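Enquirer: Questions regarding the structure given below will be posed in turn.
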Amino acid sequence: MLLKKLSLINFRPFKGEHEIEFSIDKEKNVTLVMAENGAGKTTLAQAFQWALYGKTDGFKNKSVLNSIVEKEMITGSEANVVAKLELEHNDIDYTIIRKQIYKKDINGIVKSDNSELEIFTKKDDGQTAIVNSLKNISTIFSILPESLSKYFFFDGERIEKMAGEVNSGKSDEFKMAVQNILGLTALTKAIEHLNPNQKNSVIGRYNSQMDAAGDQQTRELRDAIYSSSDKIEQNNDRIDKIEEEIKYYQSEIEKAKTEILQYADVEKMQQELNQLNSNLVNEQQVKNNIISTLMSNFTKQTYNYMSRKLIQDALIELKNTDNIDKGIPSVRAETIKFLMERKTCLCGNDLSDPTSDAVIKLTELLKYIPPQSLGTAIAQFQEHSNNSIKASENYYRNIETQISSIRASGNKIADIEHQIGEIDKSILKSSNTKVTDLKNRQIIMEKNLKDLTVELTNLKGNNTYLENKKRDAEAEISRLQMKIAKNRLLEEQMEYARAAYNKFKQTYDYQEANIRESLESQINELFKQIYAGGMTINIDDKYKITSYVNELEENSSNLDANTAKSYSIIFAFIVGVINLAKQKVMERSDNASIVTDEYPLVMDAPLSSFDQKRIKNICEVIPSIARQVIIFIKDSDGNIAKKEMKDKIGIEYEVSLKDKEMPVDSRITKVGEI
């Protein structure tokens with residue numbers, strides 16, 4: 001898609017008629033629109049969304065009528081707002097016209113009807129045709145689906161929103177891009193359609209049918225599964241929020257510690273305090289590891305230890321029985337009876353004569369094999385019992401040692417916490433009020449952090465319990481349902497659905513991981529150009545973003561909002577998404593109409609948060625991002641961009657206020673083709 005011209009009538013601050021032509025030159029592919037503050041730069045960037053989709057999401061005031069025109073209207077009069085977008089897509093010229101009529105009623109209130117959309121096409125033969133109104137929306141979506149448009153039309157407000165997400169360490173935009181523009185939406189829908197934990201899914205509906213035919217116990221078990229699933233989801237939402245809060249408190253605590261170190265009168269105490277805090281964290285980890293080992297041993301070996309005396313007594317009773325070792329492993333009475341009914345042994349001997357030695361021996365063997373004899377089972381029981389006794393030999397001593405270690409570690413922790421408390425009191429006695437304020441803030445945040453950490457541990461533990469409860473309920477349901485003949489068909493169908501769900505989920509996880517890694521790689525590739533190799537990022541499977549500032553040899557899970565790092569990530573994100581989208585099209589030519597290298601990139605104020613060095617690097621990258629680039633930029637940044645992209649700018653405009661005292665009447669002036 002190539003944008004050729006945007007024409008506006010009475011649109012927001014642009015009273016009357018205005019138009020902008022866009023460069024379609026392959027070499028000079030940048031159109032630069034410079035604007036002074038308040039002249040309507042962002043409005044122009046958002047005009048594309050209104051023209052194509054009738055959306056005004058970026059406007060707090062949803063009216064698109066120019067304020068001066070509205071004030072000049074008289075009772076009963078009408079005023080039109082028009083946006084006309086001329087573009088080329090797949091060798092067809094389109095003229096897209098969106099019009100909205102405003103009327104002033106007898107009460108002096110200006111109201112509007114819904115906007116109207118007209119589309120005209122012009123083919124190579126010069127014939128112009130109007131698109132059937134019923135096909136207007138589908139035509140727009142065939143040119144550029146609304147769900148994908150946001151990756152090519154980037155306004156300032158959205159960049160700010162994404163910057164906020166990036167600074168928080170997690171971005172839904174990144175996840176949405178991977179799922180949406182890169183073709184995983186269908187898989188996501190299929191997984192949702194089959195999700196066994198949802199009542200309205202395919203498997204959920206099968207479950208409902210089985211409930212109607214099953215007994216009360218089955219229904220109660222299914223209710224327990226759904227209840228556990230809902231609670232796990234609630235816990236996970238809370239866990240995500242807590243983890244973000246923990247990061248915030250950790251960051252603020254470290255900041256407070258660093259600031260306290262700047263004051264000479266408490267510097268030494270704070271350094272000692274920092275070391276004690278580090279020791280405390282290490283000792284707490286040691287204690288947790290010992291507890292984990294203790295719990296693991298308790299779970300695995302307690303039964304063996306507690307039943308040791310009973311097992312030994314049983315072995316004594318069984319020691320002299322003559323039924324041991326006379327059986328044949330894995331041979332049961334049914335096997336012998338089958339051979340005698342068949343009248344032929346496994347070795348081929350004839351068993352038709354009941355008085356023969358072979359038949360007599362087989363009949364005798366029935367005494368020593370299940371179910372008539374427990375000989376073989378007793379032998380297996382003895383072997384298992386001996387192994388159980390050996391496994392529990394050091395149980396008590398190990399438990400005693402581990403409990404002793406836990407107590408010792410607890411004493412160390414208490415001692416460190418006491419020392420920390422004493423130093424905190426000393427710092428709080430400082431005559432410097434700034435120091436005491438910082439220390440009070442640190443103590444409060446540490447308490448909040450401790451409370452959140454406890455809550456996080458409890459939530460994760462509760463999730464583990466609920467997951468086990470679900471698995472137990474599912475296993476019990478399977479056992480119960482298989483006993484009901486009329487549910488067996490549904491059970492079989494559910495097995496197919498579960499298999500499909502697992503396959504889709506496995507495929508999704510694999511593809512999503514590959515695409516996420518590719519996006520991460522694309523982002524880091526751009527950083528080599530913007531930051532000269534000084535910065536990399538990592539995107540984990542939950543789309544949490546970690547930055548690594550190589551040149552400073554430090555890493556941080558959240559990005560400094562006062563620097564250009566988060567904006568650099570957004571730039572790199574846009575480039576990565578577009579490049580991966582192009583690759584997808586090349587791999588699947590049948591989807592070439594969805595995303596192609598002909599889509600423009602329209603950006604509002606992309607350079608406002610960068611220093612001059614970064615602006616220079618980014619200006620070298622921007623023209624190569626897309627076939628056509630349109631930049632709306634404030635005049636101070638625009639002069640730098642103009643200098644750095646002089647060989648790539650095809651058309652330049654200036655947007656200014658006609659009257660500095662009238663911020664709702666702007667004009668667009670074409671500077672000329674460079």
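We name chains A, B, ... following the order of the structure tokens; residues begin at 1 in each chain, and ligands are numbered from 1 as shown.
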For region 185-196 of chain A, please output as a PyMOL selection string all residues within 8 Å (counting only C-alpha atoms; exclusion window: fewer than 5 positions along the same chain).
Expert: chain A and resi 179-180+201-204+497-498+500-501+504-505+508
Enquirer: Go ahead and save the residues from that selection, with N, CA, C and O atoms, as an mmCIF file, in the first residue's frame.
Expert:
data_model
loop_
_atom_site.group_PDB
_atom_site.id
_atom_site.type_symbol
_atom_site.label_atom_id
_atom_site.label_comp_id
_atom_site.auth_asym_id
_atom_site.auth_seq_id
_atom_site.Cartn_x
_atom_site.Cartn_y
_atom_site.Cartn_z
ATOM 1 N N GLN A 179 1.159 -12.803 18.541
ATOM 2 C CA GLN A 179 -0.033 -13.610 18.291
ATOM 3 C C GLN A 179 -0.779 -13.151 17.043
ATOM 4 O O GLN A 179 -1.294 -13.964 16.279
ATOM 5 N N ASN A 180 -0.840 -11.833 16.847
ATOM 6 C CA ASN A 180 -1.734 -11.275 15.836
ATOM 7 C C ASN A 180 -1.078 -11.169 14.467
ATOM 8 O O ASN A 180 -1.385 -11.930 13.547
ATOM 9 N N SER A 201 -16.134 -24.515 26.394
ATOM 10 C CA SER A 201 -15.309 -25.068 25.322
ATOM 11 C C SER A 201 -15.914 -26.391 24.837
ATOM 12 O O SER A 201 -16.887 -26.892 25.402
ATOM 13 N N VAL A 202 -15.331 -26.941 23.785
ATOM 14 C CA VAL A 202 -15.803 -28.238 23.262
ATOM 15 C C VAL A 202 -15.753 -29.296 24.353
ATOM 16 O O VAL A 202 -16.736 -30.010 24.602
ATOM 17 N N ILE A 203 -14.606 -29.389 25.037
ATOM 18 C CA ILE A 203 -14.471 -30.396 26.089
ATOM 19 C C ILE A 203 -15.404 -30.075 27.251
ATOM 20 O O ILE A 203 -15.986 -30.973 27.867
ATOM 21 N N GLY A 204 -15.575 -28.780 27.541
ATOM 22 C CA GLY A 204 -16.491 -28.392 28.598
ATOM 23 C C GLY A 204 -17.921 -28.814 28.304
ATOM 24 O O GLY A 204 -18.652 -29.266 29.200
ATOM 25 N N ALA A 497 -10.593 -34.754 21.535
ATOM 26 C CA ALA A 497 -10.524 -33.304 21.729
ATOM 27 C C ALA A 497 -9.304 -32.919 22.563
ATOM 28 O O ALA A 497 -8.622 -31.935 22.269
ATOM 29 N N ARG A 498 -9.022 -33.717 23.609
ATOM 30 C CA ARG A 498 -7.839 -33.439 24.440
ATOM 31 C C ARG A 498 -6.557 -33.586 23.634
ATOM 32 O O ARG A 498 -5.609 -32.804 23.775
ATOM 33 N N ALA A 500 -6.277 -33.173 20.416
ATOM 34 C CA ALA A 500 -6.191 -32.011 19.521
ATOM 35 C C ALA A 500 -5.720 -30.778 20.295
ATOM 36 O O ALA A 500 -4.870 -30.010 19.825
ATOM 37 N N TYR A 501 -6.293 -30.596 21.501
ATOM 38 C CA TYR A 501 -5.900 -29.452 22.340
ATOM 39 C C TYR A 501 -4.401 -29.505 22.646
ATOM 40 O O TYR A 501 -3.688 -28.504 22.502
ATOM 41 N N PHE A 504 -2.414 -28.689 19.474
ATOM 42 C CA PHE A 504 -2.466 -27.259 19.172
ATOM 43 C C PHE A 504 -1.606 -26.469 20.153
ATOM 44 O O PHE A 504 -0.878 -25.557 19.773
ATOM 45 N N LYS A 505 -1.722 -26.826 21.432
ATOM 46 C CA LYS A 505 -0.972 -26.106 22.465
ATOM 47 C C LYS A 505 0.524 -26.297 22.264
ATOM 48 O O LYS A 505 1.306 -25.344 22.368
ATOM 49 N N TYR A 508 1.478 -24.272 19.208
ATOM 50 C CA TYR A 508 1.475 -22.845 19.540
ATOM 51 C C TYR A 508 2.714 -22.479 20.360
ATOM 52 O O TYR A 508 3.409 -21.505 20.053
#
Enquirer: Among region 35-175 of chain A, which residues carry a DSSP assignment of strand (DSSP E or B), reported as number ranges by chain?
Expert: A: 35, 65, 78-89, 92-104, 110-112, 116-122, 128-130, 153-154, 170
Enquirer: Please identify all polymer residues within 6 Å of region 87-104 of chain A, counting only C-alpha atoms, omitting same-chain residues fewer than 2 positions from it, and present them as a ChimeraX atom specification.
Expert: /A:1-4,51,75-85,108-112,115-123
Enquirer: Need to verify the contact set: Lys643 (chain A), 12 Å, only C-alpha atoms, exclusion of same-chain residues closer than 6 positions in sequence. Can you return it as a ChimeraX atom specification?
Expert: /A:32,612,615-616,619-620,636-637,649,674
Enquirer: Run DSSP on the backbone and grab whatever in region 264-366 of chain A lands in helix (DSSP H, G or I); send it over as a count of residues only.
Expert: 74
Enquirer: Identify, on the basis of only C-alpha atoms, every residue whose closest approach to Ser149 (chain A) does not exceed 10 Å; exclude the query and any residue fewer than 6 positions from it along the same chain; express the result as a VMD selection string.
Expert: chain A and resid 48 to 49 52 to 53 141 143 181 599 601
Enquirer: Next, write the just-selected residues to a file, as a compact mmCIF listing (two decimals), in the first residue's frame, keeping all heavy atoms as the atom set.
Expert:
# COMPACT_ATOMS: atom_id res chain seq x y z
N PHE A 48 -5.49 9.33 9.68
CA PHE A 48 -5.54 8.11 8.87
C PHE A 48 -6.52 7.10 9.48
O PHE A 48 -7.29 6.46 8.76
CB PHE A 48 -4.15 7.48 8.77
CG PHE A 48 -3.14 8.32 8.03
CD1 PHE A 48 -2.25 9.12 8.71
CD2 PHE A 48 -3.10 8.32 6.64
CE1 PHE A 48 -1.32 9.89 8.04
CE2 PHE A 48 -2.18 9.08 5.95
CZ PHE A 48 -1.29 9.88 6.65
N GLN A 49 -6.49 6.95 10.80
CA GLN A 49 -7.38 6.01 11.47
C GLN A 49 -8.84 6.41 11.28
O GLN A 49 -9.70 5.55 11.09
CB GLN A 49 -7.04 5.94 12.97
CG GLN A 49 -5.68 5.35 13.30
CD GLN A 49 -5.66 3.83 13.15
OE1 GLN A 49 -6.69 3.18 13.16
NE2 GLN A 49 -4.47 3.27 12.99
N LEU A 52 -9.86 5.70 7.54
CA LEU A 52 -9.99 4.28 7.20
C LEU A 52 -11.05 3.57 8.03
O LEU A 52 -11.84 2.78 7.51
CB LEU A 52 -8.64 3.58 7.39
CG LEU A 52 -7.55 3.94 6.39
CD1 LEU A 52 -6.20 3.41 6.86
CD2 LEU A 52 -7.87 3.39 5.01
N TYR A 53 -11.08 3.85 9.34
CA TYR A 53 -11.91 3.03 10.23
C TYR A 53 -12.95 3.83 11.02
O TYR A 53 -13.71 3.24 11.79
CB TYR A 53 -11.02 2.27 11.23
CG TYR A 53 -9.86 1.58 10.56
CD1 TYR A 53 -8.56 2.03 10.71
CD2 TYR A 53 -10.07 0.47 9.74
CE1 TYR A 53 -7.49 1.42 10.08
CE2 TYR A 53 -9.01 -0.16 9.11
CZ TYR A 53 -7.72 0.32 9.28
OH TYR A 53 -6.67 -0.30 8.65
N PHE A 141 -10.64 -3.59 4.93
CA PHE A 141 -9.91 -4.65 5.62
C PHE A 141 -9.04 -5.46 4.66
O PHE A 141 -8.04 -6.04 5.08
CB PHE A 141 -10.87 -5.56 6.38
CG PHE A 141 -11.24 -5.03 7.74
CD1 PHE A 141 -11.82 -3.78 7.87
CD2 PHE A 141 -10.98 -5.76 8.88
CE1 PHE A 141 -12.15 -3.27 9.12
CE2 PHE A 141 -11.30 -5.26 10.14
CZ PHE A 141 -11.89 -4.01 10.25
N ILE A 143 -7.43 -4.07 2.27
CA ILE A 143 -6.26 -3.21 2.08
C ILE A 143 -5.35 -3.28 3.31
O ILE A 143 -4.16 -3.54 3.21
CB ILE A 143 -6.70 -1.76 1.81
CG1 ILE A 143 -7.51 -1.68 0.51
CG2 ILE A 143 -5.49 -0.83 1.75
CD1 ILE A 143 -8.14 -0.32 0.26
N ILE A 181 -0.14 -10.25 14.36
CA ILE A 181 0.41 -9.95 13.04
C ILE A 181 1.21 -11.11 12.47
O ILE A 181 1.36 -11.24 11.26
CB ILE A 181 1.27 -8.68 13.08
CG1 ILE A 181 1.48 -8.11 11.68
CG2 ILE A 181 2.59 -8.93 13.75
CD1 ILE A 181 2.11 -6.75 11.68
N TYR A 599 3.55 -1.65 2.63
CA TYR A 599 2.84 -0.89 3.64
C TYR A 599 3.70 0.25 4.14
O TYR A 599 4.90 0.09 4.38
CB TYR A 599 2.43 -1.78 4.82
CG TYR A 599 1.15 -2.51 4.53
CD1 TYR A 599 1.15 -3.88 4.29
CD2 TYR A 599 -0.05 -1.83 4.48
CE1 TYR A 599 -0.02 -4.55 4.00
CE2 TYR A 599 -1.23 -2.49 4.20
CZ TYR A 599 -1.22 -3.86 3.96
OH TYR A 599 -2.37 -4.51 3.68
N LEU A 601 4.94 3.27 6.88
CA LEU A 601 5.08 3.43 8.31
C LEU A 601 4.84 4.90 8.62
O LEU A 601 5.56 5.77 8.13
CB LEU A 601 6.47 3.02 8.77
CG LEU A 601 6.75 3.20 10.26
CD1 LEU A 601 5.81 2.35 11.10
CD2 LEU A 601 8.20 2.83 10.58
Enquirer: I want to know what sits within 6 Å of region 664-667 of chain A, based on only C-alpha atoms, with residues of the same chain fewer than 2 positions away left out; could you give that as a count of residues only?
Expert: 9
Enquirer: Take CA of Thr363 (chain A) and CA of Lys337 (chain A) and report the distance between them in Å, one decimal.
Expert: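 So the answer is 8.9 Å.
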Enquirer: List as a list of chain:residue names the protein and nucleic acid residues near Arg627 (chain A), meaning an atom at most 12 Å away when only C-alpha atoms are counted, but skip any in the same chain fewer than 5 places from it.
Expert: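 Contacts, in chain order: A:Met1, A:Leu2, A:Leu3, A:Ser23, A:Ile24, A:Asp25, A:Lys26, A:Glu27, A:Lys28, A:Asn29, A:Val30, A:Thr31, A:Phe152, A:Ile578, A:Asn579, A:Lys582, A:Thr596, A:Asp597, A:Glu598, A:Tyr599, A:Pro600, A:Leu601, A:Val602, A:Ile622, A:Lys648.
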Enquirer: Could you save the residues just selected, with N, CA and C atoms, as an mmCIF file, in the first residue's frame?
Expert:
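Listed below is the output, result00.cif:
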data_model
loop_
_atom_site.group_PDB
_atom_site.id
_atom_site.type_symbol
_atom_site.label_atom_id
_atom_site.label_comp_id
_atom_site.auth_asym_id
_atom_site.auth_seq_id
_atom_site.Cartn_x
_atom_site.Cartn_y
_atom_site.Cartn_z
ATOM 1 N N MET A 1 0.849 -1.191 0.000
ATOM 2 C CA MET A 1 0.000 0.000 0.000
ATOM 3 C C MET A 1 0.884 1.240 0.000
ATOM 4 N N LEU A 2 0.616 2.149 -0.908
ATOM 5 C CA LEU A 2 1.320 3.429 -0.971
ATOM 6 C C LEU A 2 0.316 4.553 -0.767
ATOM 7 N N LEU A 3 0.588 5.420 0.186
ATOM 8 C CA LEU A 3 -0.269 6.579 0.427
ATOM 9 C C LEU A 3 0.137 7.700 -0.524
ATOM 10 N N SER A 23 5.457 11.393 -0.492
ATOM 11 C CA SER A 23 6.473 10.929 -1.429
ATOM 12 C C SER A 23 6.298 9.437 -1.705
ATOM 13 N N ILE A 24 6.285 9.078 -2.997
ATOM 14 C CA ILE A 24 6.208 7.663 -3.382
ATOM 15 C C ILE A 24 7.487 7.239 -4.113
ATOM 16 N N ASP A 25 8.502 8.101 -4.025
ATOM 17 C CA ASP A 25 9.795 7.795 -4.633
ATOM 18 C C ASP A 25 10.473 6.670 -3.851
ATOM 19 N N LYS A 26 11.044 5.703 -4.548
ATOM 20 C CA LYS A 26 11.655 4.563 -3.876
ATOM 21 C C LYS A 26 12.933 4.937 -3.139
ATOM 22 N N GLU A 27 13.656 5.925 -3.651
ATOM 23 C CA GLU A 27 14.902 6.333 -3.007
ATOM 24 C C GLU A 27 14.642 7.380 -1.924
ATOM 25 N N LYS A 28 13.920 8.438 -2.307
ATOM 26 C CA LYS A 28 13.549 9.483 -1.343
ATOM 27 C C LYS A 28 12.152 9.166 -0.820
ATOM 28 N N ASN A 29 12.101 8.185 0.059
ATOM 29 C CA ASN A 29 10.810 7.616 0.465
ATOM 30 C C ASN A 29 10.245 8.213 1.744
ATOM 31 N N VAL A 30 10.871 9.287 2.249
ATOM 32 C CA VAL A 30 10.419 9.886 3.506
ATOM 33 C C VAL A 30 9.656 11.177 3.234
ATOM 34 N N THR A 31 8.472 11.282 3.848
ATOM 35 C CA THR A 31 7.726 12.541 3.863
ATOM 36 C C THR A 31 7.830 13.108 5.264
ATOM 37 N N PHE A 152 1.502 -0.045 11.815
ATOM 38 C CA PHE A 152 2.013 0.802 10.740
ATOM 39 C C PHE A 152 1.670 2.273 10.948
ATOM 40 N N ILE A 578 7.672 -5.606 11.523
ATOM 41 C CA ILE A 578 7.531 -5.436 10.075
ATOM 42 C C ILE A 578 8.412 -6.426 9.324
ATOM 43 N N ASN A 579 9.661 -6.586 9.771
ATOM 44 C CA ASN A 579 10.561 -7.521 9.093
ATOM 45 C C ASN A 579 10.068 -8.956 9.185
ATOM 46 N N LYS A 582 7.160 -9.497 6.878
ATOM 47 C CA LYS A 582 7.611 -9.693 5.499
ATOM 48 C C LYS A 582 8.075 -11.131 5.284
ATOM 49 N N THR A 596 2.496 -6.864 3.240
ATOM 50 C CA THR A 596 3.507 -6.847 2.188
ATOM 51 C C THR A 596 4.505 -5.737 2.480
ATOM 52 N N ASP A 597 5.582 -5.705 1.694
ATOM 53 C CA ASP A 597 6.598 -4.686 1.920
ATOM 54 C C ASP A 597 6.159 -3.326 1.395
ATOM 55 N N GLU A 598 4.920 -3.193 0.892
ATOM 56 C CA GLU A 598 4.427 -1.928 0.375
ATOM 57 C C GLU A 598 3.697 -1.113 1.423
ATOM 58 N N TYR A 599 3.553 -1.650 2.629
ATOM 59 C CA TYR A 599 2.838 -0.891 3.645
ATOM 60 C C TYR A 599 3.704 0.252 4.144
ATOM 61 N N PRO A 600 3.092 1.430 4.351
ATOM 62 C CA PRO A 600 3.851 2.576 4.856
ATOM 63 C C PRO A 600 4.016 2.491 6.364
ATOM 64 N N LEU A 601 4.938 3.268 6.878
ATOM 65 C CA LEU A 601 5.077 3.432 8.311
ATOM 66 C C LEU A 601 4.837 4.902 8.618
ATOM 67 N N VAL A 602 3.789 5.174 9.399
ATOM 68 C CA VAL A 602 3.424 6.546 9.755
ATOM 69 C C VAL A 602 3.696 6.721 11.243
ATOM 70 N N ILE A 622 15.536 4.716 9.925
ATOM 71 C CA ILE A 622 14.118 4.917 9.589
ATOM 72 C C ILE A 622 13.794 4.699 8.106
ATOM 73 N N LYS A 648 17.107 11.333 1.956
ATOM 74 C CA LYS A 648 15.971 10.407 1.905
ATOM 75 C C LYS A 648 14.621 11.118 1.926
#
Enquirer: Quick one: distance from CA of Leu221 (chain A) to CA of Asn468 (chain A) in Å, one decimal?
Expert: 13.1 Å
Enquirer: Which residue gives the smallest distance to Ile9 (chain A) among A:Leu459, A:Leu438, A:Val69, A:Leu452, with only C-alpha atoms counted?
Expert: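 Among A:Leu459, A:Leu438, A:Val69, A:Leu452, it is A:Val69 that comes nearest to Ile9 (chain A).
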Enquirer: For CA of Leu365 (chain A) and CA of Ile311 (chain A), determine how far apart the two atoms are, in Å to one decimal place.
Expert: 28.1 Å
Enquirer: Using only C-alpha atoms, which of the listed residues (A:Ile539, A:Ile406, A:Met645, A:Ile291) sits closest to Ser624 (chain A)?
Expert: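 Counting only C-alpha atoms, the residue closest to Ser624 (chain A) is A:Met645.
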